[in-house]
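Encoded as structure tokens, the structure appears first; notes follow it.
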Amino acid sequence: MTTNWAGNLTYRAARIVEPIDEAELSAILDRARGDGTTVRVLGSRHSFNDVADTDGVIISLAGLATADRVSVAPDRQTVRIPAGIRYGDLVPVLEREGLALANLASLPHISVAGAVQTGTHGSGDRVGALGTQVAGVELLTAAGERMTLTRGEDGFDGVVVGLGALGIVTHLTLDALPHFTVAQTVFEGVRWDDALSRFDELTGAGDSVSLFTRWTDADVIDQVWVKSRTTSDPDDLSTFGARAADGPRHPIPGIDPTPCTAQEGVPGPWYDRLPHFRLAFTPSAGEELQSEYLVARADAVAAIQAVRGLADRIAPLLLTCEVRTMAADDLWLSPAYGRPTVGIHFTWQRDEAAVRALLPTLEAALPASARPHWGKVFTMPGDEIRRRYPRFDDFSALRARLDPDRRFVGDYLARLGL
């Protein structure tokens with residue numbers, strides 16, 4: 001039996017297949033179409049729900065995700081990659097070319113297409129979610145046709161964060177930047193009242209800022225991680241009562257920080273500072289669950305206060321909670337669609353029954369702009385989620401056009417009304 005990374009989900013598929021070339025991929029899809037079988041695509045198995053599950057056929061693209069299939073454009077402005085490659089495996093290619101990506105997620109262990117298709121993000125007031133780096137998408141449709149959409153073309157903004165509903169993403173073209181260096185510092189001692197009264201100032205203190213708390217103390221933030229390009233100086237946080245940590249830190253206090261990227265203001269390459277964890281280490285044993293709710297930045301303070309008010313119920317189930325920011329984008333199903341956004345992320349102990357019992361209360365307490373992360377644990381019903389995305393009906397129409405026989409619609413997408 002195959003499970004997801006956390007072990008809270010066992011995939012129900014009759015077959016899990018891993019093609020070694022695109023001819024085999026097309027043949028698998030042709031066979032499923034002939035059998036009337038539902039098809040889903042599996043990334044790095046880092047989703048905490050059944051977004052990639054089906055009782056039909058699951059296709060893993062890992063066998064097509066070798067680094068030798070990465071190609072840099074002649075103008076060095078973009079890089080074409082196999083969809084299933086992990087960020088950490090893409091990095092060495094970019095490093096050899098002296099190139100970089102604008103942002104990365106917390107974990108380099110996740111596949112690029114899986115992260116993009118589910119609206120995953122890094123952090124930064126001026127930086128968009130990972131999907132905003134996508135300049136082109138190549139799809140194998142349910143009919144077996146190959147389709148390429150580039151930024152600005154009709155339908156592109158619907159395809160990037162596509163939940164695997166529109167076809168099999170075989171390649172992505174990403175924007176590339178010149179190599180840059182980053183330094184990160186962990187601060188302690190910031191009080192929530194000060195943080196919320198000067199929220200914009202705090203989250204703007206670096207190129208990427210994360211607030212970590214276990215909510216065991218509703219008054220003080222455990223840690224503030226500030227990542228800044230070395231071409232600019234991070235803001236002074238002493239006015240927040242902050243003090244630099246006296247050594248490396250893990251986001252969960254008391255845990256060995258060895259898997260974490262270097263801190264204490266030591267400059268290093270972008271790929272070894274923007275994530276919280278290094279590829280060479282498993283960041284944890286997987287014995288956890290994750291939920292995340294992304295709210296309009298205008299509602300951020302109200303949302304954090306709502307969570308703060310539930311601290312006594314949240315803390316017993318929590319490993320850590322992280323607050324991060326991202327810029328607005330135009331991608332139809334991106335949680336940051338149409339507004340600057342703040343993500344409130346929960347890493348839970350792996351007690352799914354208790355977590356699911358709490359989530360309806362948490363979801364009801366959050367502002368109406370809250371959108372759950374597509375790949376994490378939530379209980380919000382599909383009709384409510386649809387109301388929170390202004391372009392959801394457009395996405396549904398695009399799905400119907402590209403997959404009229406619902407070949408890629410598993411139970412998860414059906415619950416969303418697709």
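Numbering starts fresh at 1 for the residues of each chain in the structure tokens, the chains themselves are lettered A, B, ... in the order given, and ligands are numbered from 1 as they appear.
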Per DSSP on the backbone, what are the helix (DSSP H, G or I) residues of segment 195-280 of chain A, as a list of chain:residue names?
->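 Residues of segment 195-280 of chain A classed as helix (DSSP H, G or I): A:Ala195, A:Leu196, A:Ser197, A:Phe199, A:Asp200, A:Glu201, A:Leu202, A:Thr203, A:Ser238, A:Thr239, A:Phe240, A:Trp270, A:Tyr271, A:Asp272.
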Find the residues of segment 62-118 of chain A that sit at most 10 Å from segment 368-391 of chain A; for each, write down the nearest two atoms and how far apart they are in Å, to one decimal. Count only C-alpha atoms. Sort by chain, then by number going up, and give it as JSON lines.
```
{"residue": "A:Gly114", "atom": "CA", "partner": "A:Gly375", "partner_atom": "CA", "distance": 9.2}
{"residue": "A:Ala115", "atom": "CA", "partner": "A:Gly375", "partner_atom": "CA", "distance": 8.8}
{"residue": "A:Gln117", "atom": "CA", "partner": "A:Trp374", "partner_atom": "CA", "distance": 9.0}
{"residue": "A:Thr118", "atom": "CA", "partner": "A:Trp374", "partner_atom": "CA", "distance": 5.4}
```
Counting only C-alpha atoms, what is within 6 Å of segment 147-161 of chain A, bar same-chain residues fewer than 2 positions away, as a PyMOL selection string?
-> chain A and resi 116-119+135-139+331-333+395
List every residue of segment 207-269 of chain A that DSSP, applied to the backbone of this structure, assigns to strand (DSSP E), and report them as a ChimeraX atom specification.
-> /A:208-213,223-229,243-244,268-269
Between A:Asn8, A:Ser334, A:Thr258, A:Ser26, single out the one closest to Ala143 of chain A, counting only C-alpha atoms.
->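 Looking only at the distances to Ala143 of chain A, the closest residue turns out to be A:Ser26.
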Excluding Glu322 of chain A and residues on its chain fewer than 6 positions from it, collect all residues at most 12 Å away from it, counting only C-alpha atoms, and give them as a ChimeraX atom specification.
-> /A:106,122-123,209-215,221-225,251-252,276,290-294,304,307,342-348
Give the answer as one residue: which of A:Val323, A:Val70, A:Ala280, A:Leu416 has the shortest atom-to-atom distance to Arg297 of chain A, using only C-alpha atoms?
-> A:Val323
Got a sec: who's within 8 Å of segment 76-91 of chain A, counting only C-alpha atoms, leaving out chain neighbours fewer than 6 positions off, as a PDB file with C-alpha atoms, in the first residue's frame?
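The new file part.pdb reads:
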```pdb
ATOM      1  CA  GLY A  43       3.617  14.626  -7.022  1.00  0.00           C
ATOM      2  CA  SER A  44       5.905  14.139  -4.031  1.00  0.00           C
ATOM      3  CA  SER A  60       3.650   9.386 -10.737  1.00  0.00           C
ATOM      4  CA  LEU A  61       5.839  11.618 -12.892  1.00  0.00           C
ATOM      5  CA  ALA A  62       8.974  10.953 -10.841  1.00  0.00           C
ATOM      6  CA  LEU A  64      10.264  11.673 -16.032  1.00  0.00           C
ATOM      7  CA  ALA A  65      11.781  14.178 -13.637  1.00  0.00           C
ATOM      8  CA  THR A  66      15.501  13.834 -14.215  1.00  0.00           C
ATOM      9  CA  ALA A  67      17.733  16.895 -14.102  1.00  0.00           C
ATOM     10  CA  ARG A  69      15.608  17.167 -18.933  1.00  0.00           C
ATOM     11  CA  VAL A  70      15.975  20.729 -17.647  1.00  0.00           C
ATOM     12  CA  ALA A 100      17.858  31.458  -9.358  1.00  0.00           C
ATOM     13  CA  LEU A 104      10.909  28.786  -2.740  1.00  0.00           C
ATOM     14  CA  PRO A 108      12.784  21.850  -1.206  1.00  0.00           C
ATOM     15  CA  HIS A 109      11.590  18.222  -1.083  1.00  0.00           C
ATOM     16  CA  ILE A 110       8.334  18.913  -2.957  1.00  0.00           C
ATOM     17  CA  SER A 111       7.715  18.592  -6.696  1.00  0.00           C
ATOM     18  CA  VAL A 112       7.441  21.809  -8.664  1.00  0.00           C
ATOM     19  CA  ALA A 113       4.221  20.968 -10.513  1.00  0.00           C
ATOM     20  CA  GLY A 114       2.564  19.548  -7.387  1.00  0.00           C
ATOM     21  CA  ALA A 135       5.658  31.460 -17.698  1.00  0.00           C
ATOM     22  CA  VAL A 169       1.124  18.779 -16.595  1.00  0.00           C
ATOM     23  CA  THR A 170       4.243  17.428 -18.311  1.00  0.00           C
ATOM     24  CA  HIS A 171       6.479  20.513 -18.322  1.00  0.00           C
ATOM     25  CA  LEU A 172       6.604  23.982 -16.845  1.00  0.00           C
ATOM     26  CA  THR A 173       8.569  27.015 -17.956  1.00  0.00           C
ATOM     27  CA  LEU A 174       9.703  29.131 -15.019  1.00  0.00           C
ATOM     28  CA  ASP A 175      11.032  32.667 -14.832  1.00  0.00           C
ATOM     29  CA  ALA A 176      14.736  32.702 -13.994  1.00  0.00           C
ATOM     30  CA  LEU A 177      16.724  35.374 -12.181  1.00  0.00           C
ATOM     31  CA  TYR A 271      18.414  28.068  -2.338  1.00  0.00           C
ATOM     32  CA  LEU A 279      17.186  18.956   1.025  1.00  0.00           C
TER      33      LEU A 279
END
```
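For the atom pair formed by atom CA of Ala300 of chain A and atom CA of Tyr337 of chain A, the distance is 15.5 Å, given to one decimal.
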In terms of only C-alpha atoms, the residue from A:Leu140, A:Val57, A:Leu166, A:Ala195 at minimal distance from Asp405 of chain A is A:Leu166
Residue among A:Tyr11, A:Ala245, A:Val220, A:Ala327 lying closest to Asp55 of chain A, counting only C-alpha atoms =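 Once distances to Asp55 of chain A are computed over only C-alpha atoms, the minimum belongs to A:Tyr11.
Here atom CA of Asp329 of chain A stands at a distance of 11.6 Å from atom CA of His121 of chain A.
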Skipping near chain neighbours, those fewer than 4 positions away, what residues fall within 9 Å of Asp236 of chain A using only C-alpha atoms, listed as number ranges by chain?
-> A: 205, 240, 242
Quick one: pull the distance between atom CA of Leu25 of chain A and atom CA of Ile168 of chain A, Å, one decimal.
->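 Computing the Euclidean distance for atom CA of Leu25 of chain A and atom CA of Ile168 of chain A yields 9.4 Å.
With only C-alpha atoms as the basis for measurement, A:Leu42 is the residue among A:Thr3, A:Leu94, A:Leu42, A:Arg33 that approaches Glu18 of chain A most closely.
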